[in-house]
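Containing PDB, C-alpha atoms: work.pdb.
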```pdb
ATOM      1  CA  MET A   1    -166.391 -39.110   8.197
ATOM      2  CA  LYS A   2    -167.072 -36.557  10.965
ATOM      3  CA  SER A   3    -163.370 -36.220  11.802
ATOM      4  CA  SER A   4    -162.454 -35.606   8.150
ATOM      5  CA  VAL A   5    -165.078 -32.818   7.988
ATOM      6  CA  ASN A   6    -163.614 -31.274  11.151
ATOM      7  CA  GLN A   7    -160.132 -31.535   9.654
ATOM      8  CA  VAL A   8    -161.293 -29.854   6.432
ATOM      9  CA  ALA A   9    -162.912 -27.073   8.481
ATOM     10  CA  GLN A  10    -159.654 -26.419  10.339
ATOM     11  CA  LEU A  11    -157.705 -26.394   7.071
ATOM     12  CA  VAL A  12    -159.987 -24.111   5.034
ATOM     13  CA  SER A  13    -161.451 -21.750   7.651
ATOM     14  CA  PRO A  14    -158.450 -19.344   7.716
ATOM     15  CA  THR A  15    -158.498 -19.077   3.907
ATOM     16  CA  VAL A  16    -162.257 -18.455   3.764
ATOM     17  CA  GLU A  17    -161.983 -15.785   6.483
ATOM     18  CA  ALA A  18    -158.986 -14.162   4.745
ATOM     19  CA  LEU A  19    -161.254 -13.688   1.707
ATOM     20  CA  GLY A  20    -163.728 -11.768   3.883
ATOM     21  CA  LEU A  21    -166.225 -14.618   4.133
ATOM     22  CA  GLN A  22    -167.561 -16.861   6.891
ATOM     23  CA  LEU A  23    -167.358 -20.651   6.764
ATOM     24  CA  TRP A  24    -171.029 -21.569   7.336
ATOM     25  CA  GLY A  25    -170.491 -25.328   7.285
ATOM     26  CA  ILE A  26    -169.197 -28.399   5.498
ATOM     27  CA  GLU A  27    -171.081 -31.463   4.303
ATOM     28  CA  HIS A  28    -169.415 -34.641   3.038
ATOM     29  CA  THR A  29    -171.662 -37.228   1.419
ATOM     30  CA  SER A  30    -170.648 -40.408  -0.346
ATOM     31  CA  GLN A  31    -172.433 -42.840  -2.588
ATOM     32  CA  GLY A  32    -170.295 -45.854  -3.325
ATOM     33  CA  LYS A  33    -166.858 -44.769  -4.495
ATOM     34  CA  TYR A  34    -168.044 -41.253  -5.352
ATOM     35  CA  SER A  35    -168.317 -38.502  -2.797
ATOM     36  CA  VAL A  36    -169.122 -34.796  -2.685
ATOM     37  CA  LEU A  37    -167.519 -32.268  -0.363
ATOM     38  CA  ARG A  38    -169.765 -29.198  -0.050
ATOM     39  CA  ILE A  39    -168.394 -26.058   1.539
ATOM     40  CA  PHE A  40    -170.958 -23.407   2.425
ATOM     41  CA  ILE A  41    -169.760 -19.810   2.701
ATOM     42  CA  GLU A  42    -171.611 -16.726   3.921
ATOM     43  CA  ARG A  43    -171.272 -12.955   4.079
ATOM     44  CA  GLU A  44    -173.738 -10.368   5.389
ATOM     45  CA  THR A  45    -173.872  -8.659   1.994
ATOM     46  CA  GLY A  46    -174.411 -11.977   0.202
ATOM     47  CA  VAL A  47    -172.207 -14.428  -1.660
ATOM     48  CA  THR A  48    -171.385 -14.001  -5.349
ATOM     49  CA  ILE A  49    -170.394 -16.545  -7.991
ATOM     50  CA  GLU A  50    -166.925 -14.942  -7.935
ATOM     51  CA  ASP A  51    -166.692 -15.589  -4.169
ATOM     52  CA  CYS A  52    -167.514 -19.261  -4.741
ATOM     53  CA  GLU A  53    -164.983 -19.548  -7.573
ATOM     54  CA  GLN A  54    -162.258 -17.863  -5.527
ATOM     55  CA  VAL A  55    -162.869 -20.052  -2.477
ATOM     56  CA  SER A  56    -163.024 -23.146  -4.686
ATOM     57  CA  ARG A  57    -159.616 -22.391  -6.269
ATOM     58  CA  GLN A  58    -157.938 -21.589  -2.931
ATOM     59  CA  VAL A  59    -159.488 -24.493  -1.019
ATOM     60  CA  SER A  60    -158.831 -26.968  -3.833
ATOM     61  CA  ALA A  61    -155.115 -26.139  -3.691
ATOM     62  CA  ILE A  62    -155.065 -26.650   0.101
ATOM     63  CA  LEU A  63    -156.954 -29.944  -0.091
ATOM     64  CA  ASP A  64    -154.681 -31.230  -2.874
ATOM     65  CA  VAL A  65    -151.659 -30.700  -0.613
ATOM     66  CA  GLU A  66    -153.158 -31.808   2.726
ATOM     67  CA  ASP A  67    -155.372 -34.606   1.301
ATOM     68  CA  PRO A  68    -157.797 -34.930   4.283
ATOM     69  CA  ILE A  69    -160.490 -36.803   2.314
ATOM     70  CA  ALA A  70    -159.752 -40.365   1.211
ATOM     71  CA  GLY A  71    -160.527 -41.283  -2.379
ATOM     72  CA  GLU A  72    -161.978 -39.188  -5.170
ATOM     73  CA  TYR A  73    -164.505 -36.474  -4.471
ATOM     74  CA  THR A  74    -166.135 -33.487  -6.110
ATOM     75  CA  LEU A  75    -165.666 -30.123  -4.417
ATOM     76  CA  GLU A  76    -168.666 -27.770  -4.420
ATOM     77  CA  VAL A  77    -168.666 -24.275  -2.920
ATOM     78  CA  SER A  78    -171.917 -22.347  -2.451
ATOM     79  CA  SER A  79    -173.909 -20.058  -0.200
ATOM     80  CA  PRO A  80    -176.196 -21.735   2.360
ATOM     81  CA  GLY A  81    -179.265 -20.594   0.383
ATOM     82  CA  THR A  82    -182.759 -19.945   1.698
ATOM     83  CA  ASP A  83    -183.283 -23.489   2.976
ATOM     84  CA  ARG A  84    -179.900 -23.345   4.680
ATOM     85  CA  LEU A  85    -178.470 -26.238   6.582
ATOM     86  CA  LEU A  86    -177.784 -25.616  10.258
ATOM     87  CA  PHE A  87    -174.503 -26.945  11.622
ATOM     88  CA  THR A  88    -173.622 -25.225  14.914
ATOM     89  CA  VAL A  89    -175.518 -24.518  18.139
ATOM     90  CA  GLU A  90    -175.073 -20.791  17.397
ATOM     91  CA  GLN A  91    -176.766 -21.196  14.019
ATOM     92  CA  PHE A  92    -179.702 -22.976  15.662
ATOM     93  CA  GLN A  93    -179.997 -20.116  18.187
ATOM     94  CA  GLN A  94    -179.965 -17.585  15.350
ATOM     95  CA  TYR A  95    -183.064 -19.181  13.796
ATOM     96  CA  CYS A  96    -185.318 -19.593  16.852
ATOM     97  CA  GLY A  97    -188.942 -19.061  15.815
ATOM     98  CA  GLU A  98    -188.341 -20.467  12.310
ATOM     99  CA  GLU A  99    -189.680 -23.718  10.897
ATOM    100  CA  VAL A 100    -186.963 -26.370  10.703
ATOM    101  CA  ASP A 101    -186.629 -29.893   9.374
ATOM    102  CA  ILE A 102    -184.396 -32.117  11.533
ATOM    103  CA  ARG A 103    -183.196 -35.684  11.005
ATOM    104  CA  MET A 104    -181.642 -37.512  13.960
ATOM    105  CA  ARG A 105    -178.808 -40.072  13.778
ATOM    106  CA  SER A 106    -180.918 -42.573  15.734
ATOM    107  CA  PRO A 107    -184.602 -42.655  16.730
ATOM    108  CA  LEU A 108    -185.856 -40.516  19.604
ATOM    109  CA  ASP A 109    -189.344 -41.327  20.895
ATOM    110  CA  GLY A 110    -189.609 -43.794  18.002
ATOM    111  CA  ARG A 111    -188.889 -41.263  15.253
ATOM    112  CA  ARG A 112    -185.913 -39.801  13.420
ATOM    113  CA  LYS A 113    -187.577 -36.888  11.589
ATOM    114  CA  PHE A 114    -188.913 -33.752  13.247
ATOM    115  CA  LYS A 115    -190.448 -30.827  11.357
ATOM    116  CA  GLY A 116    -191.670 -27.915  13.423
ATOM    117  CA  ILE A 117    -190.892 -24.572  15.036
ATOM    118  CA  LEU A 118    -187.453 -24.135  16.583
ATOM    119  CA  GLN A 119    -188.218 -22.863  20.079
ATOM    120  CA  ASP A 120    -184.869 -22.541  21.839
ATOM    121  CA  VAL A 121    -181.407 -24.013  22.309
ATOM    122  CA  VAL A 122    -180.186 -24.522  25.872
ATOM    123  CA  SER A 123    -176.976 -26.322  26.889
ATOM    124  CA  GLY A 124    -176.705 -28.109  23.544
ATOM    125  CA  ILE A 125    -180.349 -29.236  23.565
ATOM    126  CA  VAL A 126    -182.502 -28.101  20.630
ATOM    127  CA  HIS A 127    -186.128 -27.489  21.657
ATOM    128  CA  ILE A 128    -188.644 -27.921  18.838
ATOM    129  CA  GLU A 129    -192.432 -27.891  18.746
ATOM    130  CA  VAL A 130    -194.017 -30.356  16.341
ATOM    131  CA  ASP A 131    -197.809 -30.283  15.974
ATOM    132  CA  GLY A 132    -198.309 -28.976  19.530
ATOM    133  CA  SER A 133    -195.823 -31.402  21.132
ATOM    134  CA  SER A 134    -192.413 -30.334  22.449
ATOM    135  CA  PHE A 135    -189.258 -32.331  21.832
ATOM    136  CA  GLU A 136    -185.753 -31.931  23.226
ATOM    137  CA  LEU A 137    -183.139 -33.005  20.685
ATOM    138  CA  PRO A 138    -179.453 -33.288  21.660
ATOM    139  CA  HIS A 139    -177.465 -31.219  19.132
ATOM    140  CA  GLU A 140    -174.696 -33.824  18.845
ATOM    141  CA  GLU A 141    -177.306 -36.433  17.792
ATOM    142  CA  ILE A 142    -178.675 -34.335  14.906
ATOM    143  CA  GLU A 143    -177.631 -35.814  11.566
ATOM    144  CA  LYS A 144    -179.018 -33.011   9.382
ATOM    145  CA  ALA A 145    -181.086 -29.888   9.932
ATOM    146  CA  ASN A 146    -182.269 -27.097   7.678
ATOM    147  CA  ILE A 147    -184.583 -24.119   7.583
ATOM    148  CA  VAL A 148    -187.908 -24.774   5.832
ATOM    149  CA  TYR A 149    -188.259 -22.054   3.217
TER
END
```

Let's see the structure in the file written out as structure tokens.
Amino acid sequence: MKSSVNQVAQLVSPTVEALGLQLWGIEHTSQGKYSVLRIFIERETGVTIEDCEQVSRQVSAILDVEDPIAGEYTLEVSSPGTDRLLFTVEQFQQYCGEEVDIRMRSPLDGRRKFKGILQDVVSGIVHIEVDGSSFELPHEEIEKANIVY
């Protein structure tokens, strides 16, 4: 599923940028035969409903032609919101000092969930403090992370 998300990002990023927006990230979730492809867009001045509609129309046309996602799916386009998901190392660095909620792909020190203060990101390692204890989480092993609003 990761490779299809990367493929979608490569396909839609130029279109999103041409509309004056930034591709914040892409999330593909599936439940049985149904799946949802969420595309998060951002702009310093904020994202409007019209921005989402425009990106949705343009991206939908691209995805119909290229067909990078197998099976049926629902396309959703939105801003990252206040409890924004974090996708890239740069996004993690941008939110140092904030409270984050992180879920790992596999257990680390016997746990998969970490909720605490994002301290730093060095060489792809996310440093987080949880209840006075420090943890070093490899970015590539993070399944999902978001800002706690």

Output the residue selection produced by the PyMOL selection byres ((chain A and resi 19-32) around 8) on the file above, formatted as a PDB file with C-alpha atoms, in the frame of the given file.
```pdb
ATOM      1  CA  MET A   1    -166.391 -39.110   8.197  1.00  0.00           C
ATOM      2  CA  VAL A   5    -165.078 -32.818   7.988  1.00  0.00           C
ATOM      3  CA  ALA A   9    -162.912 -27.073   8.481  1.00  0.00           C
ATOM      4  CA  SER A  13    -161.451 -21.750   7.651  1.00  0.00           C
ATOM      5  CA  THR A  15    -158.498 -19.077   3.907  1.00  0.00           C
ATOM      6  CA  VAL A  16    -162.257 -18.455   3.764  1.00  0.00           C
ATOM      7  CA  GLU A  17    -161.983 -15.785   6.483  1.00  0.00           C
ATOM      8  CA  ALA A  18    -158.986 -14.162   4.745  1.00  0.00           C
ATOM      9  CA  LYS A  33    -166.858 -44.769  -4.495  1.00  0.00           C
ATOM     10  CA  TYR A  34    -168.044 -41.253  -5.352  1.00  0.00           C
ATOM     11  CA  SER A  35    -168.317 -38.502  -2.797  1.00  0.00           C
ATOM     12  CA  VAL A  36    -169.122 -34.796  -2.685  1.00  0.00           C
ATOM     13  CA  LEU A  37    -167.519 -32.268  -0.363  1.00  0.00           C
ATOM     14  CA  ARG A  38    -169.765 -29.198  -0.050  1.00  0.00           C
ATOM     15  CA  ILE A  39    -168.394 -26.058   1.539  1.00  0.00           C
ATOM     16  CA  PHE A  40    -170.958 -23.407   2.425  1.00  0.00           C
ATOM     17  CA  ILE A  41    -169.760 -19.810   2.701  1.00  0.00           C
ATOM     18  CA  GLU A  42    -171.611 -16.726   3.921  1.00  0.00           C
ATOM     19  CA  ARG A  43    -171.272 -12.955   4.079  1.00  0.00           C
ATOM     20  CA  VAL A  55    -162.869 -20.052  -2.477  1.00  0.00           C
ATOM     21  CA  PRO A  80    -176.196 -21.735   2.360  1.00  0.00           C
ATOM     22  CA  LEU A  86    -177.784 -25.616  10.258  1.00  0.00           C
ATOM     23  CA  PHE A  87    -174.503 -26.945  11.622  1.00  0.00           C
TER      24      PHE A  87
END
```

Spatial sel., origin (-196.9, -32.1, 12.0), limit 8 Å, all atoms listed in the file, listed as a list of chain:residue names | A:Lys115, A:Gly116, A:Val130, A:Asp131

Mind telling me what the PyMOL selection byres ((chain A and resi 102-109) around 9) catches here, as a list in words?
-> Val100, Asp101, Gly110, Arg111, Arg112, Lys113, Phe114, Lys115, Gly116, Leu137, Glu141, Ile142, Glu143, Lys144, Ala145, Asn146 and Ile147 of chain A

So, counting all atoms listed in the file, which residue among A:Asp83, A:Glu76, A:Glu140, A:Glu53 is closest to Val126 in chain A?
->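 Closest to Val126 in chain A, using all atoms listed in the file: A:Glu140.
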
Explicit residue set for the PyMOL selection byres ((chain A and resi 66-70) around 7), as a ChimeraX atom specification | /A:4,7-8,62-65,71-72

So that I have them on file, write out the residues from the current selection with C-alpha atoms, as a CSV table (one decimal), in the coordinates of the input.
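Output file out.csv is given in full below:
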```csv
chain,number,residue,atom,x,y,z
A,4,SER,CA,-162.5,-35.6,8.2
A,7,GLN,CA,-160.1,-31.5,9.7
A,8,VAL,CA,-161.3,-29.9,6.4
A,62,ILE,CA,-155.1,-26.6,0.1
A,63,LEU,CA,-157.0,-29.9,-0.1
A,64,ASP,CA,-154.7,-31.2,-2.9
A,65,VAL,CA,-151.7,-30.7,-0.6
A,71,GLY,CA,-160.5,-41.3,-2.4
A,72,GLU,CA,-162.0,-39.2,-5.2
```

For Ile49 in chain A, work out the shell of residues within 10 Å, counting all atoms listed in the file and skipping chain neighbours fewer than 2 positions away, then give it as a PDB file with C-alpha atoms, in the frame of the given file.
```pdb
ATOM      1  CA  VAL A  47    -172.207 -14.428  -1.660  1.00  0.00           C
ATOM      2  CA  ASP A  51    -166.692 -15.589  -4.169  1.00  0.00           C
ATOM      3  CA  CYS A  52    -167.514 -19.261  -4.741  1.00  0.00           C
ATOM      4  CA  GLU A  53    -164.983 -19.548  -7.573  1.00  0.00           C
ATOM      5  CA  GLN A  54    -162.258 -17.863  -5.527  1.00  0.00           C
ATOM      6  CA  VAL A  55    -162.869 -20.052  -2.477  1.00  0.00           C
ATOM      7  CA  VAL A  77    -168.666 -24.275  -2.920  1.00  0.00           C
ATOM      8  CA  SER A  78    -171.917 -22.347  -2.451  1.00  0.00           C
ATOM      9  CA  SER A  79    -173.909 -20.058  -0.200  1.00  0.00           C
TER      10      SER A  79
END
```

Let me have the centre and edge lengths in Å, one decimal, of the box along x, y and z around every listed atom of range 114-129 of chain A with 8 Å of margin on each side, as lines of an AutoDock Vina configuration file.
```
center_x = -184.6
center_y = -28.1
center_z = 19.1
size_x = 31.7
size_y = 27.2
size_z = 31.5
```

So how many Å separate CA of Asp120 in chain A and CA of Gln10 in chain A, to one decimal?
->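 Taking CA of Asp120 in chain A as the start and CA of Gln10 in chain A as the end point, the length is 28.0 Å.
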
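Closest approach to Phe92 in chain A among A:Gln119, A:Thr45, A:Ser134, A:Ser56: A:Gln119, based on all atoms listed in the file.
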
Quick one, how far is CA of Pro138 in chain A from CA of Arg84 in chain A?
-> 19.7 Å

Hey, can you check how far CA of Ser60 in chain A sits from CA of Leu85 in chain A?
-> 22.2 Å

Polymer residues at most 7 Å from Glu136 in chain A, all atoms listed in the file, same-chain spacing of 3 or more positions, as an NGL selection string | :A and (125-128)
